[in-house]
Amino acid sequence: MDVEGDFQTTNLEKLLQSVAESDRKPPMDSSMGIIELSLNYDQAMGILHCTVYRAKNLIPMDIAGMSDPFCKLNILPNPKITARLRTRTVHKTRNPEFNENLAFYDISEEDLASRSLHVLVVDDDQYGHDYMGELRIKLAKLLVQNTIYLTVPLENLRPEQKGPLPAPELNQWFDFDLWSRGQILISLCYSTKRRSLLVVVRRCANLLPMDNNGFSDPFVKLQLKPDPHHRKHKTAVKWKDLNPVYNEEFAFETRPTELYLQSLQVTVFDKDYGKSNDYLGGLVLGGSSSKGQRLKHWMDMIRYPDHRHDQWHNLTEDVLK
């Protein structure tokens with residue numbers, strides 16, 4: 001009696017049943033758009049070929065209702081940083097044609113059984129990459145047939161992805177590039193009584209350690225542009241803290257009509273004595289340099305005055321000009 005063979009057959013049957021059950025799930029919401037791709041597994045060479053054909057009806061990211069999308073592909077969990085792949089950027093469209101072939105090497109059947117392909121759609125932006133949707137495909141499907149064609153709805157951010165970086169046990173499932181510089185929680189409010197933009201820097205999370213002790217001494221600078229008065233504000237320094245809490249409010253006197261043409265530059269620095277401060281990250285809210293959630297946050301503040309609008313934003317490594 002071949003007990004080992006029966007055991008392997010039982011495990012394979014369970015795996016195939018799990019894949020079949022995942023295929024019977026009700027159709028997902030396609031409000032984030034859909035993506036068309038194919039996967040092919042070359043067992044002899046241990047190569048996973050991914051062809052990204054196109055995406056359709058992606059969400060608009062700029063004030064003109066367009067986007068500059070590209071795709072980032074990764075094998076999860078436990079991704080190899082060097083194995084991350086990306087398509088080219090297709091500019092000014094919500095229906096990009098990629099038609100690109102990408103390949104992952106040294107992929108075993110064990111990898112197929114336990115891992116997923118993560119596809120992240122991102123908007124290419126001068127000041128960071130904004131999230132446009134994602135999907136996860138169980139690679140175990142390739143144990144049933146070595147080539148599959150897929151038209152899949154993109155998913156929105158999961159609850160555990162919103163705000164600061166997920167807990168350590170979830171980190172392996174997420175793309176670190178969007179969180180690489182940390183996050184900042186900003187509150188915006190236009191006060192009609194004070195005729196001012198009120199900005200509250202609430203807190204930062206997951207900042208980069210810049211000092212030898214494994215910490216940073218962060219502070220936040222704010223500047224409204226254009227501003228004839230050239231006003232700048234900055235928070236207190238939080239010593240030896242990668243998750244500083246500020247809750248400091250700053251006011252910029254301006255008019256609602258001017259806010260449509262203005263933008264708020266937010267930069268985070270590590271305080272150093274005797275040399276220039278280290279740049280930790282930044283972002284732009286409003287104006288032509290703002291897209292996605294940063295643009296929405298700004299427009300909500302203008303459209304709904306006298307209300308606090310709180311939003312987490314990812315910091316970008318690009319130095320703001």
# chains A, B, ... in the order shown; residues from 1 in each chain; ligands from 1
>>> closest_atom_pairs(of="segment 256-285 of chain A", to="segment 186-204 of chain A", cutoff="12 Å", atoms="only C-alpha atoms", output="tab-separated table")
residue	atom	partner	partner_atom	distance
A:Pro256	CA	A:Tyr190	CA	7.7
A:Thr257	CA	A:Arg195	CA	11.5
A:Glu258	CA	A:Leu197	CA	10.8
A:Leu259	CA	A:Leu197	CA	8.7
A:Gln262	CA	A:Leu197	CA	11.0
A:Ser263	CA	A:Leu197	CA	11.1
A:Leu264	CA	A:Val199	CA	9.5
A:Gln265	CA	A:Val199	CA	11.4
A:Val266	CA	A:Ile186	CA	9.4
A:Thr267	CA	A:Val201	CA	11.1
A:Val268	CA	A:Cys204	CA	9.2
A:Phe269	CA	A:Cys204	CA	11.6
A:Leu280	CA	A:Cys204	CA	11.0
A:Gly281	CA	A:Cys204	CA	10.8
A:Gly282	CA	A:Cys204	CA	11.3
A:Leu283	CA	A:Ile186	CA	10.9
A:Val284	CA	A:Ile186	CA	11.6
A:Leu285	CA	A:Leu188	CA	10.0
>>> write_last_selection(atoms="N, CA, C and O atoms", output="PDB file, in the first residue's frame")
ATOM      1  N   PRO A 256     -10.580  81.454   0.028  1.00  0.00           N
ATOM      2  CA  PRO A 256     -10.946  80.199  -0.651  1.00  0.00           C
ATOM      3  C   PRO A 256     -10.624  80.227  -2.140  1.00  0.00           C
ATOM      4  O   PRO A 256     -10.191  79.212  -2.701  1.00  0.00           O
ATOM      5  N   THR A 257     -10.841  81.367  -2.794  1.00  0.00           N
ATOM      6  CA  THR A 257     -10.554  81.447  -4.235  1.00  0.00           C
ATOM      7  C   THR A 257      -9.070  81.306  -4.520  1.00  0.00           C
ATOM      8  O   THR A 257      -8.676  80.778  -5.557  1.00  0.00           O
ATOM      9  N   GLU A 258      -8.227  81.738  -3.579  1.00  0.00           N
ATOM     10  CA  GLU A 258      -6.785  81.617  -3.767  1.00  0.00           C
ATOM     11  C   GLU A 258      -6.308  80.184  -3.545  1.00  0.00           C
ATOM     12  O   GLU A 258      -5.308  79.751  -4.127  1.00  0.00           O
ATOM     13  N   LEU A 259      -7.030  79.445  -2.695  1.00  0.00           N
ATOM     14  CA  LEU A 259      -6.616  78.080  -2.382  1.00  0.00           C
ATOM     15  C   LEU A 259      -6.624  77.175  -3.613  1.00  0.00           C
ATOM     16  O   LEU A 259      -5.860  76.207  -3.685  1.00  0.00           O
ATOM     17  N   GLN A 262      -3.213  77.537  -4.885  1.00  0.00           N
ATOM     18  CA  GLN A 262      -2.115  77.363  -3.943  1.00  0.00           C
ATOM     19  C   GLN A 262      -1.885  75.892  -3.616  1.00  0.00           C
ATOM     20  O   GLN A 262      -2.728  75.031  -3.885  1.00  0.00           O
ATOM     21  N   SER A 263      -0.741  75.629  -3.031  1.00  0.00           N
ATOM     22  CA  SER A 263      -0.427  74.278  -2.567  1.00  0.00           C
ATOM     23  C   SER A 263       0.340  74.369  -1.258  1.00  0.00           C
ATOM     24  O   SER A 263       0.997  75.382  -0.970  1.00  0.00           O
ATOM     25  N   LEU A 264       0.242  73.317  -0.478  1.00  0.00           N
ATOM     26  CA  LEU A 264       0.922  73.251   0.818  1.00  0.00           C
ATOM     27  C   LEU A 264       2.060  72.240   0.726  1.00  0.00           C
ATOM     28  O   LEU A 264       1.835  71.067   0.424  1.00  0.00           O
ATOM     29  N   GLN A 265       3.276  72.709   0.950  1.00  0.00           N
ATOM     30  CA  GLN A 265       4.430  71.821   0.983  1.00  0.00           C
ATOM     31  C   GLN A 265       4.686  71.377   2.413  1.00  0.00           C
ATOM     32  O   GLN A 265       4.786  72.202   3.323  1.00  0.00           O
ATOM     33  N   VAL A 266       4.761  70.067   2.595  1.00  0.00           N
ATOM     34  CA  VAL A 266       5.012  69.472   3.906  1.00  0.00           C
ATOM     35  C   VAL A 266       6.316  68.693   3.813  1.00  0.00           C
ATOM     36  O   VAL A 266       6.459  67.790   2.983  1.00  0.00           O
ATOM     37  N   THR A 267       7.284  69.054   4.637  1.00  0.00           N
ATOM     38  CA  THR A 267       8.572  68.355   4.625  1.00  0.00           C
ATOM     39  C   THR A 267       8.944  67.951   6.042  1.00  0.00           C
ATOM     40  O   THR A 267       8.663  68.667   7.009  1.00  0.00           O
ATOM     41  N   VAL A 268       9.571  66.797   6.156  1.00  0.00           N
ATOM     42  CA  VAL A 268       9.987  66.267   7.455  1.00  0.00           C
ATOM     43  C   VAL A 268      11.517  66.135   7.448  1.00  0.00           C
ATOM     44  O   VAL A 268      12.093  65.574   6.505  1.00  0.00           O
ATOM     45  N   PHE A 269      12.152  66.659   8.493  1.00  0.00           N
ATOM     46  CA  PHE A 269      13.603  66.647   8.589  1.00  0.00           C
ATOM     47  C   PHE A 269      14.050  66.034   9.907  1.00  0.00           C
ATOM     48  O   PHE A 269      13.322  66.041  10.902  1.00  0.00           O
ATOM     49  N   LEU A 280      13.913  63.651   5.543  1.00  0.00           N
ATOM     50  CA  LEU A 280      13.242  62.379   5.797  1.00  0.00           C
ATOM     51  C   LEU A 280      12.157  62.081   4.767  1.00  0.00           C
ATOM     52  O   LEU A 280      11.909  60.921   4.439  1.00  0.00           O
ATOM     53  N   GLY A 281      11.491  63.109   4.276  1.00  0.00           N
ATOM     54  CA  GLY A 281      10.431  62.893   3.291  1.00  0.00           C
ATOM     55  C   GLY A 281       9.528  64.102   3.206  1.00  0.00           C
ATOM     56  O   GLY A 281       9.628  65.044   4.005  1.00  0.00           O
ATOM     57  N   GLY A 282       8.647  64.093   2.222  1.00  0.00           N
ATOM     58  CA  GLY A 282       7.744  65.217   2.058  1.00  0.00           C
ATOM     59  C   GLY A 282       6.564  64.878   1.175  1.00  0.00           C
ATOM     60  O   GLY A 282       6.445  63.763   0.656  1.00  0.00           O
ATOM     61  N   LEU A 283       5.677  65.852   1.000  1.00  0.00           N
ATOM     62  CA  LEU A 283       4.543  65.709   0.093  1.00  0.00           C
ATOM     63  C   LEU A 283       3.992  67.087  -0.217  1.00  0.00           C
ATOM     64  O   LEU A 283       4.286  68.065   0.480  1.00  0.00           O
ATOM     65  N   VAL A 284       3.183  67.158  -1.286  1.00  0.00           N
ATOM     66  CA  VAL A 284       2.538  68.399  -1.700  1.00  0.00           C
ATOM     67  C   VAL A 284       1.035  68.171  -1.712  1.00  0.00           C
ATOM     68  O   VAL A 284       0.552  67.196  -2.310  1.00  0.00           O
ATOM     69  N   LEU A 285       0.307  69.050  -1.051  1.00  0.00           N
ATOM     70  CA  LEU A 285      -1.153  68.999  -1.049  1.00  0.00           C
ATOM     71  C   LEU A 285      -1.674  70.184  -1.855  1.00  0.00           C
ATOM     72  O   LEU A 285      -1.311  71.327  -1.587  1.00  0.00           O
TER      73      LEU A 285
END
>>> residues_around(residues="segment 227-242 of chain A", least_positions_apart="5", cutoff="9 Å", atoms="only C-alpha atoms", output="number ranges by chain")
A: 182, 201, 204-209, 211, 213-222, 248-252, 254, 262, 270-271
>>> write_last_selection(atoms="C-alpha atoms", output="compact mmCIF listing (two decimals), in the first residue's frame")
# COMPACT_ATOMS: atom_id res chain seq x y z
CA GLY A 182 6.95 56.72 6.48
CA VAL A 201 0.31 68.27 12.08
CA CYS A 204 4.15 60.74 11.84
CA ALA A 205 4.73 57.01 11.69
CA ASN A 206 7.53 54.69 10.56
CA LEU A 207 10.07 57.41 9.83
CA LEU A 208 13.57 56.43 8.71
CA PRO A 209 16.29 56.18 11.40
CA ASP A 211 21.19 58.66 13.57
CA ASN A 213 21.40 55.30 17.78
CA GLY A 214 18.73 53.91 15.43
CA PHE A 215 16.42 56.92 15.82
CA SER A 216 15.78 60.31 14.29
CA ASP A 217 15.01 63.72 15.78
CA PRO A 218 12.17 64.76 13.46
CA PHE A 219 10.39 68.04 12.93
CA VAL A 220 7.91 69.14 10.25
CA LYS A 221 8.05 72.27 8.08
CA LEU A 222 5.05 73.81 6.30
CA GLU A 248 0.39 71.40 16.57
CA GLU A 249 -1.83 73.84 14.66
CA PHE A 250 -0.66 76.50 12.22
CA ALA A 251 -2.63 79.18 10.37
CA PHE A 252 -2.13 80.61 6.88
CA THR A 254 -5.75 83.23 2.62
CA GLN A 262 -2.11 77.36 -3.94
CA ASP A 270 15.93 65.04 11.09
CA LYS A 271 17.46 67.71 13.33
>>> select_by_dssp(residues="segment 65-170 of chain A", states="helix (DSSP H, G or I)", output="MDAnalysis selection string")
chainID A and resid 81:83 109:114 139:143 159:161 168:170
>>> write_last_selection(atoms="C-alpha atoms", output="compact mmCIF listing (two decimals), in the first residue's frame")
# COMPACT_ATOMS: atom_id res chain seq x y z
CA ILE A 81 13.44 42.85 -3.05
CA THR A 82 15.55 42.26 -6.16
CA ALA A 83 12.77 40.22 -7.80
CA GLU A 109 6.23 24.05 -7.65
CA GLU A 110 6.40 24.53 -3.88
CA ASP A 111 6.40 28.27 -4.50
CA LEU A 112 3.31 27.93 -6.69
CA ALA A 113 1.51 25.99 -3.98
CA SER A 114 2.16 28.52 -1.20
CA LEU A 139 -0.21 30.70 -8.11
CA ALA A 140 -1.55 27.26 -7.19
CA LYS A 141 -3.84 27.67 -10.20
CA LEU A 142 -0.78 26.98 -12.37
CA LEU A 143 -0.53 23.48 -10.91
CA PRO A 159 -8.62 48.31 6.19
CA GLU A 160 -5.27 47.19 7.61
CA GLN A 161 -3.46 49.06 4.83
CA PRO A 168 4.83 43.18 11.41
CA GLU A 169 2.90 39.95 10.83
CA LEU A 170 1.17 41.59 7.83
>>> atom_distance(atom1="atom CA of Arg181 of chain A", atom2="atom CA of Leu224 of chain A")
22.2 Å
>>> select_by_dssp(residues="segment 172-225 of chain A", states="strand (DSSP E)", output="list in words")
Gln183, Ile184, Leu185, Ile186, Ser187, Leu188, Cys189, Tyr190, Ser191, Ser196, Leu197, Leu198, Val199, Val200, Val201, Arg202, Arg203, Cys204, Ala205, Pro218, Phe219, Val220, Lys221, Leu222, Gln223, Leu224 and Lys225 of chain A
>>> residues_around(residues="segment 133-138 of chain A", least_positions_apart="6", cutoff="9 Å", atoms="only C-alpha atoms", output="PyMOL selection string")
chain A and resi 19+22+32-33+58-59+76+112-122+152-157
>>> residues_around(residues="Phe104 of chain A", least_positions_apart="5", cutoff="12 Å", atoms="only C-alpha atoms", output="PyMOL selection string")
chain A and resi 39-42+45-51+73-75+79-80+82-86+111-112+117
>>> residues_around(residues="Met61 of chain A", least_positions_apart="2", cutoff="8 Å", atoms="only C-alpha atoms", output="list in words")
Ile59, Ile63, Gly65, Met66, Ser67, Asp123, Lys291 and Gly292 of chain A
